[in-house]
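Peer 1: Dropping the structure in here first, questions after.
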Amino acid sequence: MDTMPDSQCYIISVMSVDRVGIIHDITEQILALQGNIIGLSQTVMRGYFTVLVEALFPAGVKAEDVMERIAQGGHRPGELQVLVMPRQAGVPTGKPHAETYVLTARGPDRPGTIHRIAAFLAGHDVNFEDLYAYLDSGQFIILAQVTLPSSLPLERLQLDLEMLGRASDMEIIVQHENIFKAVNEIKMVGS
Amino acid sequence: MLQCQSILDTLEMIQKEHLDVRCVTMGINLFDCICPEAEYLCRRVRDKIVSKASRLVRECERVSRKYGIPVVNRRIAITPAGFLLAGHGRETALSLGRTLDEACREVGVDLLGGFSAFVQKGMTAGEETLIRSLPAVLSQTRRLCASINVASSTAGINVDAVLLMGEIIRQTAEATAAQDGFGCAKLVVFANIPEDNPFMAGALCGPGEPECVINIGVSGPGVIKRALERLLAERPNATFQQIAERIKETAFRVTRVGELIGREVSTALGVSFGIVDLSLAPTPQVGDSVGEILQVLGLEKIGAPGSTAAIALLNDAVKKGGLFASSSVGGLSGAFIPVSEDAMLAAAAAAGDLTLEKLEAMTSVCSVGLDMIVIPGDTDAATIAALIADEMAIGVINKKTTAVRVIPAPGKKVGDTVSWGGLFGSAPVMAVRNSGTSAAFIRHGGRIPAPLQSLTN
């Protein structure tokens, strides 16, 4: 991990209604605390902004200091909802060396759809690496990148997911991610 | 990170636009099976095919599942059997044909290509044996495909072989009269045959090929049609450059699928990866037709003036997109126009919009030739030979592959329909204009000399 002996690593989560300048406001506060950002993932979903930041701070900077400072950086009190937690030792920083598959599910919008699929995948030790879900013209669409344990037979998983989908009018498909890379990226898969 | 829309677009191509791998063809070199003893020859051939291809179907199914891409056909191509039959008679040819058919059944593949001979400059006794055995072999086997190369740009056209093939096609049709001459659907006459073509009926494993190799035939008329429909919905006045760009982009995607599947299957089987043949191979299914692409481009009737220009644009853009996608492009690689296998072409032929002459013109700018065309059952051998000679001339002079796969359907006349079902489809019997008037010309025999290889301006 990219830590220095006297530094403290925090994982920071910020949520807000989206507007221009939120990243500026957050990073300004981190910089003021002499923090150094080493990872960041941000998205906007249906008008709401979320960001996950990993940053190193000098020893002595507490999680409460970081949370308070960033929250104060909003345009008004309570605008930025902030959570800060110290990075735990032993948590891997990279993705596991497992084959990544893309799960696509499409069907009618009903409560509990993601929960059903997630429960099934958790029961088979399948991990979400990236997950999106949204409504499009009345259809609920789930797109996920998942990693499969090497002991799990793909055919069995595909058949079981097909059955699970059929029970709820969903079409659920699992394909290796390389087919999407091959078709959509200039660079040759495996080169 | 993969984009959501890219994932959904790819799924759309697979599920609704017939993006698939049309064939995974294993090329198997059989030179080490050559033996003067017929029984040993057949045994060695059978053992080698079974040992090399026993896992082919299973691995194709595994890879198909992994990527969610249909692999429609698993096939085998062998060393041209004309080499194996040196010193043998017609009985051995028939035994070898049955052995190959049985080996196919054993390993679960639907077709085997390579009951073939290279006779563009002359034929050996073994090759003549093979050719003369074709009516019997093709009528007594189910899975065997034959191809005879009678011309090349460096040798010219072997008109003696062309004449013989006119006779053989007629005899094969008669031998399979109960199936409307279906034996001829498994027999192609070529000029400049490629040695790595994975598509039937012309697949073979040429003398320059490795011991064992996986060649891939991709498809994609449906994908290209939809891509053009989307383009023209957005921009009804799109120029031909814009149309060509869209075809190239789509051919790139289609080719990449073939490359991915081919590499994975060959690695799993521990054999060489050969080529991706990026031909647009239609099927009789609606939405998977080269003819429909011409209609989308604005030709109200397939075969109308403009059809040759349209197919030239399509053929060229497909190659350019595919060549950028893969450094292993080979085989035929062009847009196929097999009449019975393309529902729209068959309909245009039935309506009289598409004639044999227009098809011949179109084959001068696309792949592969007069393909899956049903002609009247009483068409004489000399006329068939002259038809072959014309198509060979296009290939030889233009330094491209051309081919003829015509089916003289016994007892059928112009306007009748012949239907074989499956990928072979159905087609109307097409008129051969001025039939029976070429005999004095074609019977000169000998060889039409090779064309100039320089001074080509």
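Going through the structure tokens in order, the chains are called A, B, and so on, while each chain numbers its residues from 1 and the ligands are numbered from 1 in the order shown.
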Output as a PyMOL selection string the set of chain B residues within 10 Å of chain A, with distances taken over only C-alpha atoms.

Peer 2: chain B and resi 1-11+62-69+249-261+324-326

Peer 1: Write out, as a CSV table (one decimal), in the first residue's frame, the residues just selected, with N, CA, C and O atoms.

Peer 2:
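Once everything was written out, this is again.csv:
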```csv
chain,number,residue,atom,x,y,z
B,1,MET,N,-13.0,0.5,-18.0
B,1,MET,CA,-14.4,0.2,-17.6
B,1,MET,C,-15.3,0.1,-18.8
B,1,MET,O,-15.2,0.9,-19.7
B,2,LEU,N,-16.1,-1.0,-18.9
B,2,LEU,CA,-17.0,-1.2,-20.0
B,2,LEU,C,-18.2,-0.2,-19.9
B,2,LEU,O,-18.6,0.1,-18.8
B,3,GLN,N,-18.6,0.4,-21.0
B,3,GLN,CA,-19.7,1.3,-21.0
B,3,GLN,C,-21.0,0.5,-21.0
B,3,GLN,O,-21.1,-0.5,-21.8
B,4,CYS,N,-22.0,1.0,-20.3
B,4,CYS,CA,-23.3,0.3,-20.2
B,4,CYS,C,-23.9,0.1,-21.6
B,4,CYS,O,-24.4,-0.9,-22.0
B,5,GLN,N,-23.9,1.2,-22.4
B,5,GLN,CA,-24.5,1.2,-23.7
B,5,GLN,C,-23.8,0.2,-24.6
B,5,GLN,O,-24.4,-0.5,-25.5
B,6,SER,N,-22.4,0.1,-24.5
B,6,SER,CA,-21.7,-0.8,-25.3
B,6,SER,C,-22.1,-2.2,-25.0
B,6,SER,O,-22.2,-3.1,-25.9
B,7,ILE,N,-22.3,-2.5,-23.7
B,7,ILE,CA,-22.8,-3.9,-23.3
B,7,ILE,C,-24.1,-4.2,-24.0
B,7,ILE,O,-24.3,-5.2,-24.6
B,8,LEU,N,-25.0,-3.2,-23.8
B,8,LEU,CA,-26.4,-3.5,-24.3
B,8,LEU,C,-26.4,-3.6,-25.9
B,8,LEU,O,-27.1,-4.4,-26.5
B,9,ASP,N,-25.6,-2.7,-26.5
B,9,ASP,CA,-25.5,-2.8,-28.0
B,9,ASP,C,-24.9,-4.2,-28.5
B,9,ASP,O,-25.4,-4.7,-29.4
B,10,THR,N,-24.0,-4.6,-27.7
B,10,THR,CA,-23.4,-5.9,-28.1
B,10,THR,C,-24.4,-7.1,-27.9
B,10,THR,O,-24.5,-7.9,-28.8
B,11,LEU,N,-25.2,-7.0,-26.8
B,11,LEU,CA,-26.2,-8.0,-26.6
B,11,LEU,C,-27.3,-7.9,-27.7
B,11,LEU,O,-27.7,-9.0,-28.2
B,62,ARG,N,-18.2,-25.1,-25.2
B,62,ARG,CA,-17.7,-24.4,-23.9
B,62,ARG,C,-17.5,-22.9,-24.2
B,62,ARG,O,-17.9,-22.1,-23.4
B,63,VAL,N,-16.8,-22.6,-25.3
B,63,VAL,CA,-16.4,-21.3,-25.6
B,63,VAL,C,-17.7,-20.5,-25.9
B,63,VAL,O,-17.8,-19.3,-25.6
B,64,SER,N,-18.6,-21.1,-26.6
B,64,SER,CA,-19.8,-20.4,-27.0
B,64,SER,C,-20.6,-20.0,-25.7
B,64,SER,O,-21.1,-18.9,-25.6
B,65,ARG,N,-20.6,-20.9,-24.7
B,65,ARG,CA,-21.3,-20.6,-23.5
B,65,ARG,C,-20.6,-19.5,-22.7
B,65,ARG,O,-21.2,-18.6,-22.2
B,66,LYS,N,-19.3,-19.6,-22.7
B,66,LYS,CA,-18.5,-18.6,-22.0
B,66,LYS,C,-18.8,-17.2,-22.5
B,66,LYS,O,-18.9,-16.2,-21.7
B,67,TYR,N,-18.8,-17.0,-23.8
B,67,TYR,CA,-19.0,-15.7,-24.3
B,67,TYR,C,-20.4,-15.3,-24.7
B,67,TYR,O,-20.7,-14.2,-25.2
B,68,GLY,N,-21.3,-16.3,-24.7
B,68,GLY,CA,-22.7,-16.1,-25.1
B,68,GLY,C,-22.8,-15.8,-26.6
B,68,GLY,O,-23.7,-15.1,-27.0
B,69,ILE,N,-21.9,-16.4,-27.3
B,69,ILE,CA,-21.9,-16.2,-28.8
B,69,ILE,C,-22.2,-17.6,-29.4
B,69,ILE,O,-21.5,-18.5,-29.2
B,249,GLU,N,-16.9,-0.1,-39.6
B,249,GLU,CA,-17.0,-0.2,-38.1
B,249,GLU,C,-17.6,-1.5,-37.6
B,249,GLU,O,-17.2,-2.2,-36.7
B,250,THR,N,-18.7,-1.8,-38.3
B,250,THR,CA,-19.5,-3.0,-38.0
B,250,THR,C,-18.7,-4.3,-38.3
B,250,THR,O,-18.6,-5.3,-37.5
B,251,ALA,N,-18.0,-4.3,-39.4
B,251,ALA,CA,-17.2,-5.5,-39.8
B,251,ALA,C,-16.0,-5.7,-38.8
B,251,ALA,O,-15.7,-6.8,-38.5
B,252,PHE,N,-15.5,-4.6,-38.3
B,252,PHE,CA,-14.5,-4.6,-37.2
B,252,PHE,C,-15.0,-5.5,-36.0
B,252,PHE,O,-14.3,-6.4,-35.6
B,253,ARG,N,-16.2,-5.1,-35.6
B,253,ARG,CA,-16.8,-5.8,-34.4
B,253,ARG,C,-17.0,-7.3,-34.7
B,253,ARG,O,-16.6,-8.1,-33.9
B,254,VAL,N,-17.5,-7.5,-35.9
B,254,VAL,CA,-17.8,-8.9,-36.2
B,254,VAL,C,-16.5,-9.8,-36.3
B,254,VAL,O,-16.5,-10.9,-35.8
B,255,THR,N,-15.5,-9.2,-36.9
B,255,THR,CA,-14.3,-9.9,-37.0
B,255,THR,C,-13.6,-10.2,-35.7
B,255,THR,O,-13.0,-11.2,-35.4
B,256,ARG,N,-13.7,-9.2,-34.8
B,256,ARG,CA,-13.1,-9.4,-33.4
B,256,ARG,C,-13.8,-10.6,-32.7
B,256,ARG,O,-13.1,-11.3,-32.0
B,257,VAL,N,-15.0,-10.8,-32.9
B,257,VAL,CA,-15.7,-11.9,-32.3
B,257,VAL,C,-15.1,-13.2,-32.8
B,257,VAL,O,-14.7,-14.1,-32.0
B,258,GLY,N,-14.9,-13.3,-34.1
B,258,GLY,CA,-14.3,-14.5,-34.7
B,258,GLY,C,-12.9,-14.7,-34.2
B,258,GLY,O,-12.5,-15.8,-33.9
B,259,GLU,N,-12.1,-13.6,-34.1
B,259,GLU,CA,-10.7,-13.8,-33.6
B,259,GLU,C,-10.7,-14.3,-32.2
B,259,GLU,O,-9.9,-15.2,-31.8
B,260,LEU,N,-11.6,-13.7,-31.3
B,260,LEU,CA,-11.6,-14.1,-29.9
B,260,LEU,C,-12.0,-15.6,-29.8
B,260,LEU,O,-11.3,-16.4,-29.1
B,261,ILE,N,-13.0,-16.0,-30.5
B,261,ILE,CA,-13.5,-17.4,-30.4
B,261,ILE,C,-12.4,-18.3,-31.0
B,261,ILE,O,-12.1,-19.4,-30.4
B,324,PHE,N,-8.6,-4.3,-40.3
B,324,PHE,CA,-8.1,-3.5,-39.2
B,324,PHE,C,-8.3,-4.2,-37.9
B,324,PHE,O,-7.5,-4.1,-36.9
B,325,ALA,N,-9.3,-5.1,-37.8
B,325,ALA,CA,-9.6,-5.8,-36.6
B,325,ALA,C,-8.7,-7.0,-36.3
B,325,ALA,O,-8.5,-7.4,-35.2
B,326,SER,N,-8.1,-7.6,-37.4
B,326,SER,CA,-7.3,-8.8,-37.2
B,326,SER,C,-6.2,-8.9,-38.2
B,326,SER,O,-6.4,-8.5,-39.3
```

Peer 1: Assign secondary structure with DSSP using the backbone only, and return the residues of range 103-207 of chain B in helix (DSSP H, G or I) as a JSON list (two decimals) with N, CA, C and O atoms, in the first residue's frame.

Peer 2:
```
[["chain", "number", "residue", "atom", "x", "y", "z"],
["B", 103, "ALA", "N", -16.38, -40.77, -39.99],
["B", 103, "ALA", "CA", -15.54, -40.07, -39.00],
["B", 103, "ALA", "C", -16.21, -38.78, -38.54],
["B", 103, "ALA", "O", -16.16, -38.41, -37.37],
["B", 104, "CYS", "N", -16.86, -38.10, -39.49],
["B", 104, "CYS", "CA", -17.61, -36.89, -39.15],
["B", 104, "CYS", "C", -18.69, -37.19, -38.13],
["B", 104, "CYS", "O", -18.87, -36.46, -37.16],
["B", 105, "ARG", "N", -19.43, -38.24, -38.41],
["B", 105, "ARG", "CA", -20.51, -38.62, -37.50],
["B", 105, "ARG", "C", -19.96, -38.92, -36.11],
["B", 105, "ARG", "O", -20.50, -38.52, -35.10],
["B", 106, "GLU", "N", -18.81, -39.62, -36.11],
["B", 106, "GLU", "CA", -18.21, -40.01, -34.83],
["B", 106, "GLU", "C", -17.84, -38.81, -33.96],
["B", 106, "GLU", "O", -18.01, -38.84, -32.75],
["B", 107, "VAL", "N", -17.30, -37.77, -34.59],
["B", 107, "VAL", "CA", -16.86, -36.61, -33.80],
["B", 107, "VAL", "C", -17.95, -35.53, -33.70],
["B", 107, "VAL", "O", -17.75, -34.51, -33.04],
["B", 125, "ALA", "N", -3.74, -39.10, -62.27],
["B", 125, "ALA", "CA", -4.70, -40.21, -62.32],
["B", 125, "ALA", "C", -5.55, -40.24, -61.05],
["B", 125, "ALA", "O", -6.77, -40.46, -61.10],
["B", 126, "GLY", "N", -4.92, -39.97, -59.91],
["B", 126, "GLY", "CA", -5.64, -39.97, -58.63],
["B", 126, "GLY", "C", -6.71, -38.88, -58.60],
["B", 126, "GLY", "O", -7.81, -39.09, -58.10],
["B", 127, "GLU", "N", -6.38, -37.73, -59.17],
["B", 127, "GLU", "CA", -7.34, -36.62, -59.18],
["B", 127, "GLU", "C", -8.50, -36.91, -60.13],
["B", 127, "GLU", "O", -9.65, -36.60, -59.83],
["B", 128, "GLU", "N", -8.18, -37.54, -61.25],
["B", 128, "GLU", "CA", -9.27, -37.90, -62.17],
["B", 128, "GLU", "C", -10.18, -38.94, -61.53],
["B", 128, "GLU", "O", -11.40, -38.90, -61.67],
["B", 129, "THR", "N", -9.55, -39.87, -60.80],
["B", 129, "THR", "CA", -10.35, -40.88, -60.07],
["B", 129, "THR", "C", -11.31, -40.19, -59.12],
["B", 129, "THR", "O", -12.50, -40.52, -59.04],
["B", 130, "LEU", "N", -10.76, -39.23, -58.39],
["B", 130, "LEU", "CA", -11.60, -38.51, -57.42],
["B", 130, "LEU", "C", -12.77, -37.83, -58.12],
["B", 130, "LEU", "O", -13.93, -37.96, -57.71],
["B", 131, "ILE", "N", -12.45, -37.12, -59.21],
["B", 131, "ILE", "CA", -13.52, -36.37, -59.89],
["B", 131, "ILE", "C", -14.59, -37.32, -60.43],
["B", 131, "ILE", "O", -15.79, -37.10, -60.26],
["B", 132, "ARG", "N", -14.14, -38.41, -61.06],
["B", 132, "ARG", "CA", -15.12, -39.33, -61.66],
["B", 132, "ARG", "C", -15.92, -40.09, -60.59],
["B", 132, "ARG", "O", -16.99, -40.63, -60.88],
["B", 133, "SER", "N", -15.40, -40.14, -59.37],
["B", 133, "SER", "CA", -16.13, -40.83, -58.30],
["B", 133, "SER", "C", -17.18, -39.92, -57.64],
["B", 133, "SER", "O", -17.99, -40.40, -56.83],
["B", 134, "LEU", "N", -17.16, -38.63, -57.96],
["B", 134, "LEU", "CA", -18.01, -37.68, -57.22],
["B", 134, "LEU", "C", -19.51, -38.02, -57.26],
["B", 134, "LEU", "O", -20.17, -37.96, -56.21],
["B", 135, "PRO", "N", -20.08, -38.38, -58.43],
["B", 135, "PRO", "CA", -21.52, -38.69, -58.40],
["B", 135, "PRO", "C", -21.86, -39.80, -57.40],
["B", 135, "PRO", "O", -22.84, -39.69, -56.65],
["B", 136, "ALA", "N", -21.03, -40.83, -57.37],
["B", 136, "ALA", "CA", -21.30, -41.93, -56.43],
["B", 136, "ALA", "C", -21.04, -41.49, -54.99],
["B", 136, "ALA", "O", -21.85, -41.73, -54.09],
["B", 137, "VAL", "N", -19.90, -40.83, -54.78],
["B", 137, "VAL", "CA", -19.53, -40.44, -53.41],
["B", 137, "VAL", "C", -20.55, -39.45, -52.83],
["B", 137, "VAL", "O", -21.02, -39.61, -51.69],
["B", 138, "LEU", "N", -20.91, -38.45, -53.60],
["B", 138, "LEU", "CA", -21.81, -37.42, -53.07],
["B", 138, "LEU", "C", -23.24, -37.93, -52.90],
["B", 138, "LEU", "O", -24.02, -37.37, -52.13],
["B", 139, "SER", "N", -23.58, -38.99, -53.63],
["B", 139, "SER", "CA", -24.93, -39.54, -53.47],
["B", 139, "SER", "C", -24.98, -40.59, -52.35],
["B", 139, "SER", "O", -26.05, -40.90, -51.86],
["B", 140, "GLN", "N", -23.81, -41.09, -51.96],
["B", 140, "GLN", "CA", -23.81, -42.15, -50.93],
["B", 140, "GLN", "C", -23.27, -41.67, -49.58],
["B", 140, "GLN", "O", -23.06, -42.46, -48.68],
["B", 159, "VAL", "N", -9.69, -26.16, -69.50],
["B", 159, "VAL", "CA", -11.04, -26.34, -70.08],
["B", 159, "VAL", "C", -11.40, -27.83, -70.16],
["B", 159, "VAL", "O", -12.58, -28.18, -70.08],
["B", 160, "ASP", "N", -10.40, -28.69, -70.27],
["B", 160, "ASP", "CA", -10.71, -30.12, -70.24],
["B", 160, "ASP", "C", -11.36, -30.48, -68.90],
["B", 160, "ASP", "O", -12.34, -31.25, -68.84],
["B", 161, "ALA", "N", -10.80, -29.91, -67.82],
["B", 161, "ALA", "CA", -11.38, -30.17, -66.49],
["B", 161, "ALA", "C", -12.76, -29.51, -66.38],
["B", 161, "ALA", "O", -13.67, -30.07, -65.76],
["B", 162, "VAL", "N", -12.90, -28.34, -66.97],
["B", 162, "VAL", "CA", -14.20, -27.65, -66.95],
["B", 162, "VAL", "C", -15.26, -28.51, -67.65],
["B", 162, "VAL", "O", -16.38, -28.69, -67.14],
["B", 163, "LEU", "N", -14.89, -29.05, -68.81],
["B", 163, "LEU", "CA", -15.82, -29.92, -69.55],
["B", 163, "LEU", "C", -16.20, -31.13, -68.72],
["B", 163, "LEU", "O", -17.37, -31.52, -68.65],
["B", 164, "LEU", "N", -15.19, -31.72, -68.09],
["B", 164, "LEU", "CA", -15.45, -32.90, -67.25],
["B", 164, "LEU", "C", -16.40, -32.53, -66.11],
["B", 164, "LEU", "O", -17.34, -33.27, -65.79],
["B", 165, "MET", "N", -16.18, -31.36, -65.51],
["B", 165, "MET", "CA", -17.03, -30.96, -64.39],
["B", 165, "MET", "C", -18.48, -30.70, -64.84],
["B", 165, "MET", "O", -19.42, -30.93, -64.07],
["B", 166, "GLY", "N", -18.64, -30.24, -66.08],
["B", 166, "GLY", "CA", -20.01, -30.09, -66.61],
["B", 166, "GLY", "C", -20.73, -31.43, -66.58],
["B", 166, "GLY", "O", -21.89, -31.54, -66.17],
["B", 167, "GLU", "N", -20.01, -32.47, -67.03],
["B", 167, "GLU", "CA", -20.58, -33.83, -67.03],
["B", 167, "GLU", "C", -20.83, -34.31, -65.59],
["B", 167, "GLU", "O", -21.88, -34.90, -65.29],
["B", 168, "ILE", "N", -19.84, -34.10, -64.74],
["B", 168, "ILE", "CA", -19.93, -34.62, -63.36],
["B", 168, "ILE", "C", -21.09, -33.96, -62.60],
["B", 168, "ILE", "O", -21.79, -34.62, -61.83],
["B", 169, "ILE", "N", -21.27, -32.67, -62.83],
["B", 169, "ILE", "CA", -22.39, -31.98, -62.15],
["B", 169, "ILE", "C", -23.72, -32.58, -62.59],
["B", 169, "ILE", "O", -24.60, -32.85, -61.77],
["B", 170, "ARG", "N", -23.85, -32.82, -63.88],
["B", 170, "ARG", "CA", -25.09, -33.44, -64.38],
["B", 170, "ARG", "C", -25.29, -34.83, -63.76],
["B", 170, "ARG", "O", -26.37, -35.17, -63.29],
["B", 171, "GLN", "N", -24.20, -35.63, -63.76],
["B", 171, "GLN", "CA", -24.32, -36.99, -63.22],
["B", 171, "GLN", "C", -24.64, -36.97, -61.72],
["B", 171, "GLN", "O", -25.41, -37.79, -61.22],
["B", 172, "THR", "N", -24.04, -36.01, -61.01],
["B", 172, "THR", "CA", -24.30, -35.91, -59.56],
["B", 172, "THR", "C", -25.76, -35.54, -59.31],
["B", 172, "THR", "O", -26.40, -36.06, -58.39],
["B", 173, "ALA", "N", -26.27, -34.64, -60.14],
["B", 173, "ALA", "CA", -27.69, -34.25, -60.00],
["B", 173, "ALA", "C", -28.59, -35.47, -60.24],
["B", 173, "ALA", "O", -29.53, -35.71, -59.48],
["B", 174, "GLU", "N", -28.25, -36.24, -61.28],
["B", 174, "GLU", "CA", -29.07, -37.43, -61.56],
["B", 174, "GLU", "C", -28.98, -38.45, -60.42],
["B", 174, "GLU", "O", -29.97, -39.06, -60.04],
["B", 175, "ALA", "N", -27.78, -38.59, -59.88],
["B", 175, "ALA", "CA", -27.57, -39.57, -58.79],
["B", 175, "ALA", "C", -28.31, -39.17, -57.52],
["B", 175, "ALA", "O", -28.56, -40.01, -56.65],
["B", 177, "ALA", "N", -31.27, -37.35, -57.69],
["B", 177, "ALA", "CA", -32.51, -36.80, -58.25],
["B", 177, "ALA", "C", -33.65, -36.81, -57.22],
["B", 177, "ALA", "O", -34.48, -35.90, -57.19],
["B", 178, "ALA", "N", -33.66, -37.81, -56.35],
["B", 178, "ALA", "CA", -34.73, -37.89, -55.36],
["B", 178, "ALA", "C", -34.71, -36.71, -54.40],
["B", 178, "ALA", "O", -35.71, -36.39, -53.76],
["B", 179, "GLN", "N", -33.53, -36.07, -54.30],
["B", 179, "GLN", "CA", -33.42, -34.88, -53.43],
["B", 179, "GLN", "C", -33.23, -33.63, -54.29],
["B", 179, "GLN", "O", -32.53, -32.69, -53.90],
["B", 182, "PHE", "N", -29.53, -32.60, -54.85],
["B", 182, "PHE", "CA", -28.85, -32.01, -53.68],
["B", 182, "PHE", "C", -27.34, -32.29, -53.66],
["B", 182, "PHE", "O", -26.57, -31.51, -53.10],
["B", 183, "GLY", "N", -26.92, -33.39, -54.26],
["B", 183, "GLY", "CA", -25.48, -33.70, -54.29],
["B", 183, "GLY", "C", -24.67, -32.53, -54.85],
["B", 183, "GLY", "O", -23.54, -32.28, -54.41],
["B", 184, "CYS", "N", -25.25, -31.80, -55.78],
["B", 184, "CYS", "CA", -24.54, -30.66, -56.40],
["B", 184, "CYS", "C", -24.38, -29.48, -55.43],
["B", 184, "CYS", "O", -23.53, -28.62, -55.66],
["B", 185, "ALA", "N", -25.20, -29.46, -54.38],
["B", 185, "ALA", "CA", -25.06, -28.40, -53.38],
["B", 185, "ALA", "C", -23.79, -28.61, -52.55],
["B", 185, "ALA", "O", -23.37, -27.71, -51.82],
["B", 186, "LYS", "N", -23.22, -29.80, -52.67],
["B", 186, "LYS", "CA", -21.99, -30.10, -51.92],
["B", 186, "LYS", "C", -20.78, -30.16, -52.85],
["B", 186, "LYS", "O", -19.76, -30.75, -52.49]]
```

Peer 1: Can you measure CA of Ala281 in chain B to CA of Cys23 in chain B for me? One decimal in Å is fine.

Peer 2: 10.2 Å

Peer 1: Excluding same-chain residues fewer than 6 positions from Asp18 in chain A, what lies within 12 Å of it counting only C-alpha atoms, as a PyMOL selection string?

Peer 2: chain A and resi 42-51+74-75+79-80

Peer 1: Please report, as a VMD selection string, each residue of range 19-162 of chain A to which DSSP assigns strand (DSSP E or B) when run on this structure's backbone.

Peer 2: chain A and resid 36 to 45 48 to 58 81 to 86 100 to 108 127 to 136 139 to 147

Peer 1: Between CA of Asp6 in chain A and CA of Val82 in chain A, what is the distance, to one decimal in Å?

Peer 2: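 If I compute the distance from CA of Asp6 in chain A to CA of Val82 in chain A, I get 24.4 Å.
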
Peer 1: Need the shell around Gln34 in chain A: protein/DNA/RNA residues with any atom at most 9 Å away, counting only C-alpha atoms. Skip same-chain ones fewer than 6 positions apart. Format as JSON, numbers by chain?

Peer 2: {"A": [56, 57, 58]}

Peer 1: Write out the residues from the selection above, keeping N, CA and C atoms, as a PDB file, in the first residue's frame.

Peer 2:
```
ATOM      1  N   LEU A  56      -4.281   9.990   1.931  1.00  0.00           N
ATOM      2  CA  LEU A  56      -3.301   9.896   3.019  1.00  0.00           C
ATOM      3  C   LEU A  56      -3.196  11.262   3.698  1.00  0.00           C
ATOM      4  N   PHE A  57      -3.217  11.241   5.023  1.00  0.00           N
ATOM      5  CA  PHE A  57      -3.097  12.490   5.788  1.00  0.00           C
ATOM      6  C   PHE A  57      -1.922  12.353   6.763  1.00  0.00           C
ATOM      7  N   PRO A  58      -1.343  13.485   7.183  1.00  0.00           N
ATOM      8  CA  PRO A  58      -0.265  13.400   8.187  1.00  0.00           C
ATOM      9  C   PRO A  58      -0.787  12.759   9.471  1.00  0.00           C
TER      10      PRO A  58
END
```

Peer 1: Just want the 8 Å neighbourhood of range 24-28 of chain A, counted on only C-alpha atoms, with same-chain residues fewer than 2 positions away dropped. Output as a list of chain:residue names.

Peer 2: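 In the requested form, the answer reads A:Gly21, A:Ile22, A:Ile30, A:Leu31, A:Ala32, A:Ile70, A:Gly73, A:Gly74.
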
Peer 1: Given the selection you just returned, output its residues as a file containing N, CA, C and O atoms, formatted as a short mmCIF file (atom, residue, chain, number, x, y, z; two decimals), in the first residue's frame.

Peer 2:
```cif
data_model
loop_
_atom_site.label_atom_id
_atom_site.label_comp_id
_atom_site.auth_asym_id
_atom_site.auth_seq_id
_atom_site.Cartn_x
_atom_site.Cartn_y
_atom_site.Cartn_z
N GLY A 21 -18.89 22.00 -9.05
CA GLY A 21 -17.92 22.46 -8.06
C GLY A 21 -17.79 21.59 -6.82
O GLY A 21 -17.01 21.93 -5.92
N ILE A 22 -18.51 20.49 -6.75
CA ILE A 22 -18.42 19.68 -5.52
C ILE A 22 -17.02 19.09 -5.36
O ILE A 22 -16.44 19.12 -4.27
N ILE A 30 -9.46 18.70 1.61
CA ILE A 30 -8.45 17.64 1.80
C ILE A 30 -7.05 18.24 1.71
O ILE A 30 -6.17 17.94 2.53
N LEU A 31 -6.87 19.13 0.76
CA LEU A 31 -5.57 19.77 0.58
C LEU A 31 -5.22 20.63 1.81
O LEU A 31 -4.07 20.65 2.26
N ALA A 32 -6.23 21.30 2.33
CA ALA A 32 -6.00 22.16 3.50
C ALA A 32 -5.51 21.34 4.70
O ALA A 32 -4.78 21.84 5.56
N ILE A 70 -14.68 18.57 5.56
CA ILE A 70 -15.31 18.43 4.24
C ILE A 70 -16.77 18.88 4.31
O ILE A 70 -17.26 19.57 3.41
N GLY A 73 -17.23 22.39 3.91
CA GLY A 73 -16.87 22.91 2.59
C GLY A 73 -18.06 23.04 1.66
O GLY A 73 -17.95 23.59 0.56
N GLY A 74 -19.24 22.57 2.08
CA GLY A 74 -20.43 22.69 1.22
C GLY A 74 -20.93 24.12 1.15
O GLY A 74 -20.48 24.99 1.90
#
```

Peer 1: Which residues are close to Ala118 in chain A, i.e. within 12 Å by only C-alpha atoms, leaving aside same-chain residues fewer than 4 positions away? Reply as a PyMOL selection string.

Peer 2: chain A and resi 103+105+112-114+122-128+131+142+144+146+161+164

Peer 1: May I ask for the distance between CA of Ile34 in chain B and CA of His88 in chain B, given in Å to one decimal place?

Peer 2: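 If I compute the distance from CA of Ile34 in chain B to CA of His88 in chain B, I get 10.6 Å.
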